[in-house]
Amino acid sequence: MNEALRQQVREYLLKQCAERHKKGKLRRIMDVVFGMPPDATYAFEYAECTADRVHVAGQVTQAWFISSDGVHEIKINPKDVPQEKRGMWYRFGRLSFYIAPNADWIVEASVEGPRAGHGGCYRAMQSGTTFVLEPEGSMWIS
């Protein structure tokens, strides 16, 4: 198991999610055009994934609350996340992921509304000081 590389992938995923919550000019335009997207995101790392590498499974090992204020580690169960809706969006999105032991692939799911989500398996490849996630295998979208 390469825990140092897994930590780098974890930090990359959380940073990518946090970038979506910054209140820059593009975010304000998107709010006007598409309605109010989630105020924040709850992120959950899982201990396992399904054999087909399409969905996360098992116990939650860590959780974070991600908003325009940054990324904060928290203690919460996924079923306790509020399910408030505003139009086509949930007030709080969800990011669920599993990182393979060698950090060479992840299973990720992002749900921001009843019909706004995607997930599946991604190959995690280092590109300089960051990562590139390439879809690999079966994917889902709603």
# chains A, B, ... in the order shown; residues from 1 in each chain; ligands from 1
call {"tool": "residues_around", "arguments": {"residues": "A:Val9", "least_positions_apart": "6", "cutoff": "9 Å", "atoms": "only C-alpha atoms", "output": "list in words"}}
result
Ile99, Ala103, Ile106, Ala124, Thr130 and Phe131 of chain A
call {"tool": "select_by_dssp", "arguments": {"residues": "chain A", "states": "helix (DSSP H, G or I)", "output": "JSON, numbers by chain"}}
result
{"A": [3, 4, 5, 6, 7, 8, 9, 10, 11, 12, 13, 14, 15, 16, 17, 18, 19, 25, 26, 27, 28, 29, 30, 31, 32, 33, 34, 78, 79, 80]}
call {"tool": "atom_distance", "arguments": {"atom1": "atom CA of A:Trp64", "atom2": "atom CA of A:Phe44"}}
result
6.6 Å
call {"tool": "residues_around", "arguments": {"residues": "A:Ala116", "least_positions_apart": "2", "cutoff": "8 Å", "atoms": "only C-alpha atoms", "output": "short mmCIF file (atom, residue, chain, number, x, y, z; two decimals) with N, CA, C and O atoms, in the first residue's frame"}}
result
data_model
loop_
_atom_site.label_atom_id
_atom_site.label_comp_id
_atom_site.auth_asym_id
_atom_site.auth_seq_id
_atom_site.Cartn_x
_atom_site.Cartn_y
_atom_site.Cartn_z
N MET A 88 -33.39 22.13 -9.09
CA MET A 88 -32.76 20.88 -9.53
C MET A 88 -31.54 20.49 -8.68
O MET A 88 -30.87 19.51 -8.95
N TRP A 89 -31.25 21.25 -7.62
CA TRP A 89 -30.04 21.01 -6.84
C TRP A 89 -30.38 20.63 -5.40
O TRP A 89 -31.38 21.05 -4.85
N VAL A 111 -22.76 13.70 -6.49
CA VAL A 111 -24.20 13.91 -6.62
C VAL A 111 -24.52 15.30 -6.09
O VAL A 111 -24.27 15.60 -4.92
N GLU A 112 -25.06 16.16 -6.97
CA GLU A 112 -25.40 17.53 -6.59
C GLU A 112 -26.89 17.81 -6.68
O GLU A 112 -27.34 18.88 -6.31
N GLY A 113 -27.66 16.86 -7.16
CA GLY A 113 -29.10 17.00 -7.25
C GLY A 113 -29.73 15.68 -7.64
O GLY A 113 -29.03 14.74 -7.99
N PRO A 114 -31.07 15.60 -7.59
CA PRO A 114 -31.75 14.34 -7.93
C PRO A 114 -31.42 13.85 -9.34
O PRO A 114 -31.40 12.66 -9.60
N HIS A 118 -22.72 11.88 -11.30
CA HIS A 118 -21.94 11.00 -12.17
C HIS A 118 -20.98 10.19 -11.30
O HIS A 118 -20.72 10.54 -10.15
N ILE A 141 -24.24 8.19 -15.07
CA ILE A 141 -24.57 9.63 -15.07
C ILE A 141 -26.07 9.77 -14.86
O ILE A 141 -26.85 8.94 -15.31
N SER A 142 -26.47 10.81 -14.13
CA SER A 142 -27.92 11.07 -13.95
C SER A 142 -28.20 12.52 -14.24
O SER A 142 -27.34 13.35 -14.30
#
call {"tool": "residues_around", "arguments": {"residues": "A:Glu134", "least_positions_apart": "3", "cutoff": "8 Å", "atoms": "only C-alpha atoms", "output": "list of chain:residue names"}}
result
A:Tyr122, A:Arg123, A:Ala124, A:Met125
call {"tool": "residues_around", "arguments": {"residues": "A:Gln83", "least_positions_apart": "3", "cutoff": "12 Å", "atoms": "only C-alpha atoms", "output": "MDAnalysis selection string"}}
result
chainID A and resid 38 41:42 78:80 86 89:94 111:114
call {"tool": "write_last_selection", "arguments": {"atoms": "N, CA and C atoms", "output": "compact mmCIF listing (two decimals), in the first residue's frame"}}
result
# COMPACT_ATOMS: atom_id res chain seq x y z
N PRO A 38 -25.28 23.57 -5.14
CA PRO A 38 -25.09 23.32 -3.71
C PRO A 38 -24.25 24.38 -3.00
N THR A 41 -20.40 20.87 -0.02
CA THR A 41 -20.36 19.45 -0.36
C THR A 41 -19.85 18.67 0.85
N TYR A 42 -20.49 17.55 1.12
CA TYR A 42 -19.98 16.60 2.09
C TYR A 42 -19.20 15.56 1.30
N PRO A 78 -23.10 9.46 6.21
CA PRO A 78 -23.71 9.92 4.97
C PRO A 78 -25.24 10.02 5.02
N LYS A 79 -25.90 9.14 5.76
CA LYS A 79 -27.36 9.21 5.81
C LYS A 79 -27.86 10.39 6.64
N ASP A 80 -26.96 11.09 7.35
CA ASP A 80 -27.34 12.26 8.14
C ASP A 80 -27.17 13.58 7.39
N ARG A 86 -33.37 22.63 -3.82
CA ARG A 86 -33.68 23.96 -4.34
C ARG A 86 -33.70 23.82 -5.86
N TRP A 89 -31.25 21.25 -7.62
CA TRP A 89 -30.04 21.01 -6.84
C TRP A 89 -30.38 20.63 -5.40
N TYR A 90 -29.50 19.84 -4.79
CA TYR A 90 -29.54 19.66 -3.34
C TYR A 90 -28.83 20.86 -2.73
N ARG A 91 -29.19 21.23 -1.53
CA ARG A 91 -28.47 22.32 -0.86
C ARG A 91 -27.03 21.90 -0.56
N PHE A 92 -26.83 20.60 -0.27
CA PHE A 92 -25.51 20.06 0.01
C PHE A 92 -25.23 18.89 -0.93
N GLY A 93 -24.19 19.03 -1.74
CA GLY A 93 -23.78 17.95 -2.62
C GLY A 93 -23.04 16.88 -1.84
N ARG A 94 -22.76 15.78 -2.54
CA ARG A 94 -22.01 14.68 -1.94
C ARG A 94 -20.92 14.22 -2.89
N VAL A 111 -22.76 13.70 -6.49
CA VAL A 111 -24.20 13.91 -6.62
C VAL A 111 -24.52 15.30 -6.09
N GLU A 112 -25.06 16.16 -6.97
CA GLU A 112 -25.40 17.53 -6.59
C GLU A 112 -26.89 17.81 -6.68
N GLY A 113 -27.66 16.86 -7.16
CA GLY A 113 -29.10 17.00 -7.25
C GLY A 113 -29.73 15.68 -7.64
N PRO A 114 -31.07 15.60 -7.59
CA PRO A 114 -31.75 14.34 -7.93
C PRO A 114 -31.42 13.85 -9.34
call {"tool": "closest_residue", "arguments": {"among": "A:Thr50, A:Ser67, A:Leu5, A:Gln62", "to": "A:Glu19", "atoms": "only C-alpha atoms"}}
result
A:Ser67
call {"tool": "closest_residue", "arguments": {"among": "A:Val107, A:Met139, A:Ile74, A:Leu133", "to": "A:Glu48", "atoms": "only C-alpha atoms"}}
result
A:Val107
call {"tool": "atom_distance", "arguments": {"atom1": "atom CA of A:Val71", "atom2": "atom CA of A:Glu136"}}
result
27.5 Å
call {"tool": "residues_around", "arguments": {"residues": "A:Ala51", "least_positions_apart": "3", "cutoff": "12 Å", "atoms": "only C-alpha atoms", "output": "ChimeraX atom specification"}}
result
/A:48,54-58,107,120-121,137-138
call {"tool": "write_last_selection", "arguments": {"atoms": "N, CA, C and O atoms", "output": "tab-separated table (two decimals), in the first residue's frame"}}
result
chain	number	residue	atom	x	y	z
A	48	GLU	N	-14.00	0.53	0.72
A	48	GLU	CA	-14.07	-0.47	-0.34
A	48	GLU	C	-14.83	0.10	-1.54
A	48	GLU	O	-15.41	1.19	-1.46
A	54	VAL	N	-17.53	0.34	-9.90
A	54	VAL	CA	-18.48	1.36	-10.33
A	54	VAL	C	-19.01	2.17	-9.14
A	54	VAL	O	-19.27	3.36	-9.28
A	55	HIS	N	-19.14	1.55	-7.97
A	55	HIS	CA	-19.71	2.22	-6.80
A	55	HIS	C	-18.81	2.01	-5.57
A	55	HIS	O	-18.15	0.98	-5.45
A	56	VAL	N	-18.83	2.99	-4.66
A	56	VAL	CA	-18.13	2.83	-3.38
A	56	VAL	C	-18.93	1.86	-2.52
A	56	VAL	O	-20.12	1.66	-2.75
A	57	ALA	N	-18.27	1.29	-1.51
A	57	ALA	CA	-18.94	0.32	-0.64
A	57	ALA	C	-18.23	0.32	0.71
A	57	ALA	O	-17.18	0.93	0.89
A	58	GLY	N	-18.83	-0.38	1.66
A	58	GLY	CA	-18.21	-0.55	2.96
A	58	GLY	C	-18.40	0.65	3.87
A	58	GLY	O	-19.31	1.44	3.71
A	107	VAL	N	-12.51	5.05	-7.40
A	107	VAL	CA	-13.94	5.01	-7.72
A	107	VAL	C	-14.51	6.26	-7.08
A	107	VAL	O	-14.26	6.54	-5.90
A	120	GLY	N	-18.01	6.49	-11.34
A	120	GLY	CA	-17.39	5.33	-11.96
A	120	GLY	C	-15.93	5.23	-11.56
A	120	GLY	O	-15.50	5.85	-10.58
A	121	CYS	N	-15.17	4.49	-12.34
A	121	CYS	CA	-13.76	4.27	-12.07
A	121	CYS	C	-12.90	5.19	-12.92
A	121	CYS	O	-13.20	5.42	-14.10
A	137	GLY	N	-13.43	1.99	-17.69
A	137	GLY	CA	-14.49	1.01	-17.42
A	137	GLY	C	-15.87	1.66	-17.41
A	137	GLY	O	-16.10	2.72	-17.99
A	138	SER	N	-16.78	1.01	-16.70
A	138	SER	CA	-18.18	1.46	-16.66
A	138	SER	C	-18.33	2.76	-15.88
A	138	SER	O	-17.68	2.96	-14.87
call {"tool": "select_by_dssp", "arguments": {"residues": "chain A", "states": "strand (DSSP E or B)", "output": "PyMOL selection string"}}
result
chain A and resi 40-49+56-67+70-74+85-86+89-90+92-99+105-113+116-127+130-141
call {"tool": "closest_residue", "arguments": {"among": "A:Arg115, A:Gln59, A:Ser68, A:Glu45", "to": "A:Tyr98", "atoms": "only C-alpha atoms"}}
result
A:Glu45
call {"tool": "atom_distance", "arguments": {"atom1": "atom CA of A:Lys85", "atom2": "atom CA of A:Arg20"}}
result
18.7 Å
call {"tool": "closest_residue", "arguments": {"among": "A:Asp52, A:Asp69, A:Glu3, A:Ala43", "to": "A:Lys22", "atoms": "only C-alpha atoms"}}
result
A:Asp69
call {"tool": "decode", "arguments": {"residues": "stretch 47-118 of chain A", "atoms": "C-alpha atoms", "output": "JSON list (two decimals), in the first residue's frame"}}
result
[["chain", "number", "residue", "atom", "x", "y", "z"],
["A", 47, "ALA", "CA", -13.01, 1.55, 2.72],
["A", 48, "GLU", "CA", -14.07, -0.47, -0.34],
["A", 49, "CYS", "CA", -15.71, -0.43, -3.74],
["A", 50, "THR", "CA", -17.83, -2.90, -5.67],
["A", 51, "ALA", "CA", -16.06, -5.66, -7.62],
["A", 52, "ASP", "CA", -16.95, -3.95, -10.92],
["A", 53, "ARG", "CA", -15.33, -0.69, -9.69],
["A", 54, "VAL", "CA", -18.48, 1.36, -10.33],
["A", 55, "HIS", "CA", -19.71, 2.22, -6.80],
["A", 56, "VAL", "CA", -18.13, 2.83, -3.38],
["A", 57, "ALA", "CA", -18.94, 0.32, -0.64],
["A", 58, "GLY", "CA", -18.21, -0.55, 2.96],
["A", 59, "GLN", "CA", -17.57, 1.78, 5.85],
["A", 60, "VAL", "CA", -16.79, 5.49, 5.67],
["A", 61, "THR", "CA", -13.19, 6.03, 6.81],
["A", 62, "GLN", "CA", -13.12, 9.86, 6.73],
["A", 63, "ALA", "CA", -15.51, 12.74, 6.05],
["A", 64, "TRP", "CA", -15.12, 16.42, 5.15],
["A", 65, "PHE", "CA", -17.31, 19.49, 4.78],
["A", 66, "ILE", "CA", -16.25, 21.58, 1.77],
["A", 67, "SER", "CA", -17.52, 25.12, 1.21],
["A", 68, "SER", "CA", -16.26, 28.55, 0.19],
["A", 69, "ASP", "CA", -14.60, 28.57, 3.64],
["A", 70, "GLY", "CA", -12.37, 25.63, 2.68],
["A", 71, "VAL", "CA", -12.09, 21.93, 3.52],
["A", 72, "HIS", "CA", -12.83, 20.81, 7.09],
["A", 73, "GLU", "CA", -12.61, 17.26, 8.41],
["A", 74, "ILE", "CA", -15.82, 16.29, 10.24],
["A", 75, "LYS", "CA", -17.56, 13.32, 11.83],
["A", 76, "ILE", "CA", -20.87, 12.58, 10.09],
["A", 77, "ASN", "CA", -22.69, 9.60, 8.66],
["A", 78, "PRO", "CA", -23.71, 9.92, 4.97],
["A", 79, "LYS", "CA", -27.36, 9.21, 5.81],
["A", 80, "ASP", "CA", -27.34, 12.26, 8.14],
["A", 81, "VAL", "CA", -26.56, 14.73, 5.33],
["A", 82, "PRO", "CA", -29.57, 17.06, 4.85],
["A", 83, "GLN", "CA", -31.52, 16.33, 1.64],
["A", 84, "GLU", "CA", -32.99, 19.82, 1.12],
["A", 85, "LYS", "CA", -33.70, 20.63, -2.54],
["A", 86, "ARG", "CA", -33.68, 23.96, -4.34],
["A", 87, "GLY", "CA", -34.98, 23.44, -7.84],
["A", 88, "MET", "CA", -32.76, 20.88, -9.53],
["A", 89, "TRP", "CA", -30.04, 21.01, -6.84],
["A", 90, "TYR", "CA", -29.54, 19.66, -3.34],
["A", 91, "ARG", "CA", -28.47, 22.32, -0.86],
["A", 92, "PHE", "CA", -25.51, 20.06, 0.01],
["A", 93, "GLY", "CA", -23.78, 17.95, -2.62],
["A", 94, "ARG", "CA", -22.01, 14.68, -1.94],
["A", 95, "LEU", "CA", -18.65, 13.41, -3.10],
["A", 96, "SER", "CA", -17.98, 9.74, -2.33],
["A", 97, "PHE", "CA", -14.72, 8.05, -3.25],
["A", 98, "TYR", "CA", -12.48, 5.04, -2.76],
["A", 99, "ILE", "CA", -8.74, 5.14, -3.50],
["A", 100, "ALA", "CA", -7.05, 1.89, -4.55],
["A", 101, "PRO", "CA", -4.19, 0.67, -2.31],
["A", 102, "ASN", "CA", -1.53, 1.78, -4.82],
["A", 103, "ALA", "CA", -3.46, 4.98, -5.70],
["A", 104, "ASP", "CA", -3.41, 4.08, -9.40],
["A", 105, "TRP", "CA", -7.22, 4.23, -9.72],
["A", 106, "ILE", "CA", -10.20, 5.58, -7.80],
["A", 107, "VAL", "CA", -13.94, 5.01, -7.72],
["A", 108, "GLU", "CA", -15.70, 8.36, -7.42],
["A", 109, "ALA", "CA", -19.31, 9.54, -7.32],
["A", 110, "SER", "CA", -20.52, 13.13, -7.23],
["A", 111, "VAL", "CA", -24.20, 13.91, -6.62],
["A", 112, "GLU", "CA", -25.40, 17.53, -6.59],
["A", 113, "GLY", "CA", -29.10, 17.00, -7.25],
["A", 114, "PRO", "CA", -31.75, 14.34, -7.93],
["A", 115, "ARG", "CA", -30.75, 14.41, -11.62],
["A", 116, "ALA", "CA", -27.24, 15.82, -11.35],
["A", 117, "GLY", "CA", -24.60, 13.22, -10.67],
["A", 118, "HIS", "CA", -21.94, 11.00, -12.17]]
